[in-house]
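Visitor: This is structure_13.pdb, which holds PDB, C-alpha atoms:
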```pdb
ATOM      1  CA  HIS Y   1      18.602   4.207  10.767
ATOM      2  CA  VAL Y   2      15.114   3.352   9.510
ATOM      3  CA  ASP Y   3      12.508   2.378  12.109
ATOM      4  CA  HIS Y   4       9.613   1.768   9.728
ATOM      5  CA  TYR Y   5       9.217   1.625   5.962
ATOM      6  CA  LEU Y   6       5.932   1.925   4.094
ATOM      7  CA  GLN Y   7       5.961   0.563   0.574
ATOM      8  CA  GLY Y   8       4.543   2.707  -2.213
ATOM      9  CA  CYS Y   9       5.248   6.077  -3.728
ATOM     10  CA  PRO Y  10       3.448   7.523  -1.920
ATOM     11  CA  PRO Y  11       1.943   4.845   0.342
ATOM     12  CA  ASP Y  12      -1.846   4.895   0.348
ATOM     13  CA  ALA Y  13      -3.622   6.704   3.162
ATOM     14  CA  ASP Y  14      -4.923   3.491   4.747
ATOM     15  CA  LYS Y  15      -1.395   2.101   5.164
ATOM     16  CA  ILE Y  16      -0.176   5.380   6.668
ATOM     17  CA  TRP Y  17      -3.116   5.433   9.089
ATOM     18  CA  GLU Y  18      -2.541   1.788  10.112
ATOM     19  CA  LEU Y  19       1.094   2.544  10.954
ATOM     20  CA  VAL Y  20       0.430   5.794  12.825
ATOM     21  CA  SER Y  21      -2.512   4.432  14.817
ATOM     22  CA  ALA Y  22      -0.551   1.300  15.817
ATOM     23  CA  LEU Y  23       2.384   3.410  16.987
ATOM     24  CA  LEU Y  24       0.134   5.763  18.961
ATOM     25  CA  ALA Y  25      -1.618   2.797  20.601
ATOM     26  CA  GLY Y  26       1.747   1.338  21.645
ATOM     27  CA  ARG Y  27       1.436  -1.701  19.381
ATOM     28  CA  ALA Y  28       4.069  -3.026  17.040
ATOM     29  CA  PRO Y  29       2.870  -2.320  13.500
ATOM     30  CA  VAL Y  30       2.487  -5.187  11.046
ATOM     31  CA  LEU Y  31       4.809  -4.382   8.163
ATOM     32  CA  GLU Y  32       5.685  -6.114   4.921
ATOM     33  CA  ARG Y  33       9.094  -7.783   5.033
ATOM     34  CA  ARG Y  34      10.001  -7.131   1.414
ATOM     35  CA  PHE Y  35      11.794  -3.955   0.343
ATOM     36  CA  GLY Y  36      11.993  -2.861  -3.291
TER      37      GLY Y  36
END
```
Since I need it in another form, could you write the structure as structure tokens?
Guide:
Amino acid sequence: HVDHYLQGCPPDADKIWELVSALLAGRAPVLERRFG
């Protein structure tokens, strides 16, 4: 089960921070819909 996926290998620090800060604030993160 995957809850969230960040694109990139590795994803850049800004994208990681956006995801983590949204989760900690109780907001649904805005994620890209495309995988691969």
Visitor: Report, in Å with one decimal, the straight-line distance from atom CA of His4 of chain Y to atom CA of Leu31 of chain Y.
Guide: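 Going from atom CA of His4 of chain Y over to atom CA of Leu31 of chain Y, I get 8.0 Å.
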Visitor: What does the distance from atom CA of Leu19 of chain Y to atom CA of Tyr5 of chain Y come to in Å, to one decimal?
Guide: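 Between these atoms lies a distance of 9.6 Å.
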Visitor: Grab the atom CA of Gly8 of chain Y to atom CA of Leu23 of chain Y distance for me, in Å with one decimal place.
Guide: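 Rounded to one decimal, the two atoms are 19.3 Å apart.
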Visitor: Need to verify the contact set: Ala28 of chain Y, 12 Å, all atoms listed in the file, exclusion of same-chain residues closer than 6 positions in sequence. Can you return it as an MDAnalysis selection string?
Guide: chainID Y and resid 3:4 18:22
